[in-house]
>>> print(open('coords-v2.cif').read())   # mmCIF, C-alpha atoms
data_model
#
loop_
_atom_site.label_atom_id
_atom_site.label_comp_id
_atom_site.auth_asym_id
_atom_site.auth_seq_id
_atom_site.Cartn_x
_atom_site.Cartn_y
_atom_site.Cartn_z
CA GLN A 1 0.84 -126.71 60.95
CA VAL A 2 2.95 -124.15 59.11
CA GLU A 3 1.95 -125.59 55.74
CA ARG A 4 -1.72 -125.59 56.82
CA TYR A 5 -1.41 -122.01 58.03
CA VAL A 6 0.28 -120.93 54.80
CA ARG A 7 -2.35 -122.76 52.73
CA ASP A 8 -5.20 -121.14 54.65
CA LEU A 9 -3.56 -117.74 54.38
CA ARG A 10 -3.05 -118.23 50.63
CA SER A 11 -6.69 -119.22 50.21
CA GLN A 12 -7.75 -116.16 52.16
CA VAL A 13 -5.50 -113.91 50.04
CA ASP A 14 -6.83 -115.49 46.83
CA ALA A 15 -10.42 -114.94 47.99
CA GLU A 16 -9.69 -111.35 48.90
CA GLY A 17 -7.98 -110.89 45.53
CA VAL A 18 -11.03 -112.23 43.75
CA ALA A 19 -13.26 -109.92 45.77
CA ILE A 20 -11.00 -106.97 45.04
CA ASP A 21 -10.93 -107.83 41.36
CA ARG A 22 -14.72 -108.13 41.33
CA ALA A 23 -15.03 -104.80 43.13
CA MET A 24 -12.64 -103.16 40.66
CA ARG A 25 -14.61 -104.48 37.71
CA SER A 26 -17.84 -103.25 39.28
CA GLY A 27 -16.27 -99.86 39.96
CA MET A 28 -15.04 -99.60 36.37
CA VAL A 29 -18.48 -100.50 35.10
CA GLY A 30 -20.02 -97.87 37.40
CA VAL A 31 -17.50 -95.25 36.30
CA ALA A 32 -18.21 -96.12 32.68
CA LEU A 33 -21.94 -95.84 33.27
CA ILE A 34 -21.48 -92.51 35.05
CA GLY A 35 -19.28 -91.32 32.19
CA LEU A 36 -21.88 -92.38 29.62
CA ALA A 37 -24.56 -90.63 31.65
CA CYS A 38 -22.45 -87.46 31.79
CA VAL A 39 -21.89 -87.62 28.04
CA ALA A 40 -25.61 -88.09 27.45
CA VAL A 41 -26.44 -85.19 29.76
CA ALA A 42 -23.84 -83.04 28.02
CA LEU A 43 -25.27 -83.93 24.60
CA LEU A 44 -28.80 -83.18 25.78
CA GLY A 45 -27.59 -79.92 27.31
CA MET A 46 -25.82 -78.95 24.08
CA ARG A 47 -28.95 -79.74 22.12
CA PHE A 48 -31.08 -77.70 24.50
CA VAL A 49 -28.61 -74.81 24.44
CA ASN A 50 -28.40 -74.91 20.63
CA ARG A 51 -32.18 -74.92 20.33
CA THR A 52 -32.47 -72.11 22.86
CA VAL A 53 -29.79 -70.08 21.09
CA ARG A 54 -31.50 -70.60 17.72
CA SER A 55 -34.85 -69.60 19.19
CA LEU A 56 -33.37 -66.57 20.87
CA GLY A 57 -31.57 -65.70 17.65
CA GLY A 58 -34.84 -65.89 15.73
CA ILE A 59 -36.60 -63.63 18.23
CA THR A 60 -33.66 -61.20 18.22
CA GLY A 61 -33.67 -61.11 14.43
CA ALA A 62 -37.40 -60.40 14.42
CA MET A 63 -36.86 -57.56 16.90
CA THR A 64 -34.06 -56.17 14.73
CA ARG A 65 -36.27 -56.25 11.65
CA LEU A 66 -39.06 -54.57 13.60
CA ALA A 67 -36.63 -51.82 14.66
CA SER A 68 -35.78 -51.28 10.98
CA GLY A 69 -39.47 -50.88 10.12
CA ASP A 70 -40.54 -54.39 9.06
CA VAL A 71 -43.90 -54.84 10.80
CA GLU A 72 -45.26 -57.53 8.43
CA GLN A 73 -42.93 -60.33 9.59
CA SER A 74 -44.05 -63.41 11.47
CA THR A 75 -42.98 -63.93 15.08
CA PRO A 76 -41.14 -67.24 15.79
CA GLU A 77 -41.43 -69.43 18.88
CA VAL A 78 -44.82 -68.08 20.02
CA ALA A 79 -45.99 -71.66 20.73
CA ARG A 80 -43.28 -72.34 23.31
CA ARG A 81 -44.40 -72.67 26.94
CA ASP A 82 -41.22 -71.36 28.54
CA GLU A 83 -39.69 -67.94 29.06
CA LEU A 84 -38.73 -67.63 25.39
CA GLY A 85 -42.32 -68.30 24.40
CA ALA A 86 -43.49 -65.58 26.79
CA LEU A 87 -40.88 -63.23 25.28
CA ALA A 88 -42.03 -64.10 21.76
CA ARG A 89 -45.68 -63.48 22.65
CA ALA A 90 -44.79 -60.16 24.26
CA PHE A 91 -42.90 -59.23 21.10
CA GLU A 92 -45.97 -60.22 19.08
CA VAL A 93 -47.96 -57.64 21.05
CA PHE A 94 -45.29 -55.01 20.37
CA ARG A 95 -45.34 -55.87 16.67
CA GLU A 96 -49.12 -55.54 16.50
CA ASN A 97 -48.90 -52.20 18.33
CA ALA A 98 -46.23 -51.02 15.90
CA ARG A 99 -48.39 -52.10 12.96
CA GLU A 100 -51.39 -50.23 14.41
CA MET A 101 -49.26 -47.16 15.07
CA ARG A 102 -48.02 -47.21 11.47
CA ARG A 103 -51.59 -47.48 10.21
CA LEU A 104 -52.72 -44.61 12.44
CA SER A 105 -49.68 -42.57 11.44
CA GLY A 106 -50.51 -43.10 7.78
CA ASN A 107 -54.12 -42.06 8.32
CA LEU A 108 -52.99 -39.04 10.33
CA GLN A 109 -50.56 -38.04 7.61
CA GLU A 110 -53.30 -38.33 4.99
CA GLN A 111 -55.62 -36.18 7.11
CA THR A 112 -52.81 -33.69 7.73
CA ASP A 113 -52.07 -33.43 4.02
CA LEU A 114 -55.77 -33.01 3.26
CA LEU A 115 -56.14 -30.34 5.94
CA ALA A 116 -53.05 -28.53 4.66
CA THR A 117 -54.43 -28.62 1.11
CA VAL A 118 -57.79 -27.26 2.24
CA PHE A 119 -56.06 -24.73 4.50
CA ASP A 120 -53.97 -23.31 1.66
CA SER A 121 -56.74 -23.47 -0.95
CA ILE A 122 -59.02 -21.11 1.00
CA ARG A 123 -59.03 -17.75 -0.71
CA ASP A 124 -59.71 -15.91 2.52
CA GLY A 125 -57.06 -15.57 5.21
CA LEU A 126 -57.10 -17.98 8.14
CA SER A 127 -54.99 -18.04 11.29
CA VAL A 128 -54.96 -19.97 14.56
CA PHE A 129 -53.77 -18.65 17.93
CA ASP A 130 -53.43 -20.66 21.14
CA GLY A 131 -54.73 -19.75 24.59
CA ARG A 132 -51.62 -17.66 25.31
CA GLY A 133 -52.07 -15.64 22.15
CA ARG A 134 -49.27 -17.28 20.15
CA LEU A 135 -49.53 -17.86 16.41
CA LEU A 136 -49.85 -21.58 15.65
CA ALA A 137 -50.85 -21.75 11.98
CA TRP A 138 -51.85 -19.52 9.08
CA ASN A 139 -52.42 -19.85 5.36
CA ARG A 140 -50.73 -17.94 2.56
CA PRO A 141 -53.55 -15.47 1.78
CA SER A 142 -53.45 -14.17 5.37
CA ALA A 143 -50.28 -12.13 4.88
CA ALA A 144 -51.52 -10.66 1.58
CA ILE A 145 -54.92 -9.67 3.00
CA LEU A 146 -53.32 -8.04 6.05
CA ALA A 147 -50.72 -6.26 3.85
CA LEU A 148 -47.84 -8.10 5.56
CA PRO A 149 -44.71 -9.61 3.97
CA ALA A 150 -45.09 -13.39 4.19
CA GLU A 151 -41.66 -13.83 5.80
CA MET A 152 -42.64 -11.60 8.73
CA LEU A 153 -45.13 -14.13 10.10
CA GLN A 154 -43.34 -16.65 12.33
CA HIS A 155 -44.62 -19.60 14.34
CA GLY A 156 -44.99 -18.64 18.00
CA MET A 157 -45.34 -14.89 17.41
CA SER A 158 -47.55 -13.14 19.92
CA LEU A 159 -50.88 -11.69 18.84
CA ASP A 160 -49.71 -8.21 19.81
CA ALA A 161 -46.59 -8.58 17.66
CA VAL A 162 -48.65 -9.64 14.65
CA GLN A 163 -51.15 -6.80 15.07
CA ALA A 164 -48.33 -4.29 15.50
CA LEU A 165 -47.21 -5.16 11.95
CA ILE A 166 -50.64 -4.56 10.38
CA PRO A 167 -50.80 -1.11 8.75
CA SER A 168 -54.22 -0.36 10.21
CA HIS A 169 -55.92 3.02 10.04
CA SER A 170 -59.08 2.45 12.04
CA ILE A 171 -61.27 -0.29 13.47
CA ASP A 172 -65.05 -0.32 13.12
CA GLY A 173 -65.01 3.36 12.25
CA ALA A 174 -62.88 4.42 15.24
CA GLY A 175 -59.97 6.76 14.67
CA PRO A 176 -56.35 5.62 14.37
CA ALA A 177 -55.61 6.56 17.96
CA ASP A 178 -58.42 4.36 19.26
CA ALA A 179 -57.67 1.38 17.00
CA LEU A 180 -54.97 -0.11 19.25
CA GLY A 181 -57.10 0.06 22.39
CA ALA A 182 -60.11 -1.39 20.60
CA LEU A 183 -57.99 -4.30 19.34
CA GLY A 184 -56.79 -5.01 22.88
CA GLN A 185 -60.38 -5.31 24.13
CA LEU A 186 -61.36 -7.50 21.20
CA ASN A 187 -58.36 -9.79 21.72
CA SER A 188 -59.59 -10.67 25.19
CA GLN A 189 -63.13 -11.20 23.92
CA ARG A 190 -61.96 -13.48 21.08
CA GLN A 191 -60.61 -15.98 23.60
CA ARG A 192 -64.07 -16.42 25.16
CA GLU A 193 -66.69 -15.90 22.46
CA GLY A 194 -67.14 -15.33 18.78
CA CYS A 195 -66.87 -11.78 17.51
CA ARG A 196 -66.75 -9.82 14.29
CA PHE A 197 -65.13 -6.49 13.48
CA GLU A 198 -63.76 -4.60 10.51
CA LEU A 199 -60.29 -3.11 10.18
CA THR A 200 -59.55 -0.35 7.69
CA LEU A 201 -55.97 -0.51 6.43
CA THR A 202 -53.82 2.45 5.43
CA ASP A 203 -54.25 1.56 1.75
CA GLY A 204 -58.02 2.02 2.09
CA ARG A 205 -58.95 -1.65 2.04
CA VAL A 206 -61.51 -2.94 4.54
CA VAL A 207 -60.77 -6.32 6.12
CA GLU A 208 -63.41 -8.28 8.01
CA PHE A 209 -62.31 -10.32 11.04
CA LEU A 210 -64.44 -13.32 12.08
CA SER A 211 -63.09 -14.98 15.25
CA ASN A 212 -64.34 -18.04 17.09
CA PRO A 213 -62.84 -19.61 20.25
CA MET A 214 -61.58 -23.19 20.28
CA PRO A 215 -62.64 -25.71 22.97
CA GLY A 216 -59.10 -26.25 24.22
CA GLY A 217 -58.23 -22.56 24.35
CA GLY A 218 -57.24 -20.09 21.68
CA PHE A 219 -59.24 -18.97 18.69
CA VAL A 220 -59.49 -19.18 14.91
CA THR A 221 -59.83 -16.06 12.78
CA LEU A 222 -61.03 -15.73 9.21
CA TYR A 223 -59.89 -12.64 7.29
CA ARG A 224 -61.97 -11.41 4.36
CA ASP A 225 -61.27 -8.47 2.09
CA LEU A 226 -64.52 -6.44 1.85
CA SER A 227 -63.15 -3.72 -0.42
CA ASP A 228 -64.93 -4.97 -3.55
CA ARG A 229 -68.19 -5.41 -1.64
CA ARG A 230 -67.93 -1.91 -0.20
CA ARG A 231 -67.24 -0.52 -3.66
CA VAL A 232 -70.28 -2.31 -5.10
CA GLU A 233 -72.46 -1.12 -2.20
CA GLN A 234 -71.29 2.44 -2.76
CA GLN A 235 -72.04 2.20 -6.46
CA LEU A 236 -75.48 0.81 -5.63
CA ARG A 237 -76.18 3.70 -3.29
CA GLN A 238 -75.06 6.14 -5.96
CA ALA A 239 -77.33 4.44 -8.47
CA GLN A 240 -80.25 4.59 -6.05
CA LYS A 241 -79.66 8.31 -5.52
#
>>> encode(input="coords-v2.cif", output="structure tokens")
Amino acid sequence: QVERYVRDLRSQVDAEGVAIDRAMRSGMVGVALIGLACVAVALLGMRFVNRTVRSLGGITGAMTRLASGDVEQSTPEVARRDELGALARAFEVFRENAREMRRLSGNLQEQTDLLATVFDSIRDGLSVFDGRGRLLAWNRPSAAILALPAEMLQHGMSLDAVQALIPSHSIDGAGPADALGALGQLNSQRQREGCRFELTLTDGRVVEFLSNPMPGGGFVTLYRDLSDRRRVEQQLRQAQK
């Protein structure tokens, strides 16, 4: 009975050992499979991260080049359907806007240069005042026609300050004492409607003022020296007499 009991117990232990060994081998296989799966996931993750980093680096480089003024570059990764693709397409819009702004800026600069050339090539004087009576722009003949040193005219000067520097003698035939008051009335009128008047300077020259209001406020004035015309008219009258 003891031998039978020992034999049965040994058989049971051997069977349990075989089962344990089988379970251990299965567990090792499962662990190995899990490990291989983790390695595969890690490799795929590294590949995805590397691709994402390269894509992000390409977009960042394109943004850096755009910030330095390169608007003719191509935008990478615009075909992607993820967040990086959306970022690349948004950057593409910014690049096109920057290109359009550069084109408009170039056209504006060309127009500005042309306007400045025309502005300075006019033989008559020309000045622009805003709605608050501040000097915005003027050409070089303006100071000479008004008998003013060129360095005395400054951007932002008030209309009263500019007129106080003009060595005027009379306006439209009025005496010197009435010239300042007449100019004050005309200054208000020039903001609303076109007007013309003549100013006689202390050196005897006659300057014609032609003012027209601007739609956004302020006015433009053209200065013309009529001294030669007045001299010719006087000579003509003398000849007629």
>>> residues_around(input="coords-v2.cif", residues="His155 in chain A", least_positions_apart="3", cutoff="10 Å", atoms="only C-alpha atoms", output="PyMOL selection string")
chain A and resi 129+134-138+152+158
>>> residues_around(input="coords-v2.cif", residues="Gly131 in chain A", least_positions_apart="2", cutoff="9 Å", atoms="only C-alpha atoms", output="ChimeraX atom specification")
/A:129,133-134,191,214,216-219
>>> write_last_selection(input="coords-v2.cif", atoms="C-alpha atoms", output="CSV table (one decimal), in the frame of the given file")
chain,number,residue,atom,x,y,z
A,129,PHE,CA,-53.8,-18.6,17.9
A,133,GLY,CA,-52.1,-15.6,22.2
A,134,ARG,CA,-49.3,-17.3,20.2
A,191,GLN,CA,-60.6,-16.0,23.6
A,214,MET,CA,-61.6,-23.2,20.3
A,216,GLY,CA,-59.1,-26.2,24.2
A,217,GLY,CA,-58.2,-22.6,24.4
A,218,GLY,CA,-57.2,-20.1,21.7
A,219,PHE,CA,-59.2,-19.0,18.7
>>> resolve_selection(input="coords-v2.cif", expression="the PyMOL selection byres ((chain A and resi 160-166) around 10)", output="ChimeraX atom specification")
/A:133-135,143,145-149,152-154,157-159,167-169,180,183-184,187,199,201-202
>>> atom_distance(input="coords-v2.cif", atom1="CA of Leu210 in chain A", atom2="CA of Gly194 in chain A")
7.5 Å
>>> resolve_selection(input="coords-v2.cif", expression="the PyMOL selection byres ((chain A and resi 205) around 9)", output="PyMOL selection string")
chain A and resi 199-204+206-207+225-228
>>> atom_distance(input="coords-v2.cif", atom1="CA of Arg224 in chain A", atom2="CA of Leu108 in chain A")
29.7 Å
>>> atom_distance(input="coords-v2.cif", atom1="CA of Pro213 in chain A", atom2="CA of Val128 in chain A")
9.7 Å
>>> residues_near_point(input="coords-v2.cif", point="(-66.7, -12.2, 11.3)", cutoff="10 Å", atoms="all atoms listed in the file", output="JSON, numbers by chain")
{"A": [194, 195, 196, 197, 198, 207, 208, 209, 210, 211, 212, 221, 222, 223, 224]}
>>> residues_around(input="coords-v2.cif", residues="Ile122 in chain A", least_positions_apart="3", cutoff="12 Å", atoms="only C-alpha atoms", output="ChimeraX atom specification")
/A:115-119,125-127,138-142,222-224
>>> write_last_selection(input="coords-v2.cif", atoms="C-alpha atoms", output="mmCIF file, in the frame of the given file")
data_model
loop_
_atom_site.group_PDB
_atom_site.id
_atom_site.type_symbol
_atom_site.label_atom_id
_atom_site.label_comp_id
_atom_site.auth_asym_id
_atom_site.auth_seq_id
_atom_site.Cartn_x
_atom_site.Cartn_y
_atom_site.Cartn_z
ATOM 1 C CA LEU A 115 -56.140 -30.340 5.940
ATOM 2 C CA ALA A 116 -53.050 -28.530 4.660
ATOM 3 C CA THR A 117 -54.430 -28.620 1.110
ATOM 4 C CA VAL A 118 -57.790 -27.260 2.240
ATOM 5 C CA PHE A 119 -56.060 -24.730 4.500
ATOM 6 C CA GLY A 125 -57.060 -15.570 5.210
ATOM 7 C CA LEU A 126 -57.100 -17.980 8.140
ATOM 8 C CA SER A 127 -54.990 -18.040 11.290
ATOM 9 C CA TRP A 138 -51.850 -19.520 9.080
ATOM 10 C CA ASN A 139 -52.420 -19.850 5.360
ATOM 11 C CA ARG A 140 -50.730 -17.940 2.560
ATOM 12 C CA PRO A 141 -53.550 -15.470 1.780
ATOM 13 C CA SER A 142 -53.450 -14.170 5.370
ATOM 14 C CA LEU A 222 -61.030 -15.730 9.210
ATOM 15 C CA TYR A 223 -59.890 -12.640 7.290
ATOM 16 C CA ARG A 224 -61.970 -11.410 4.360
#
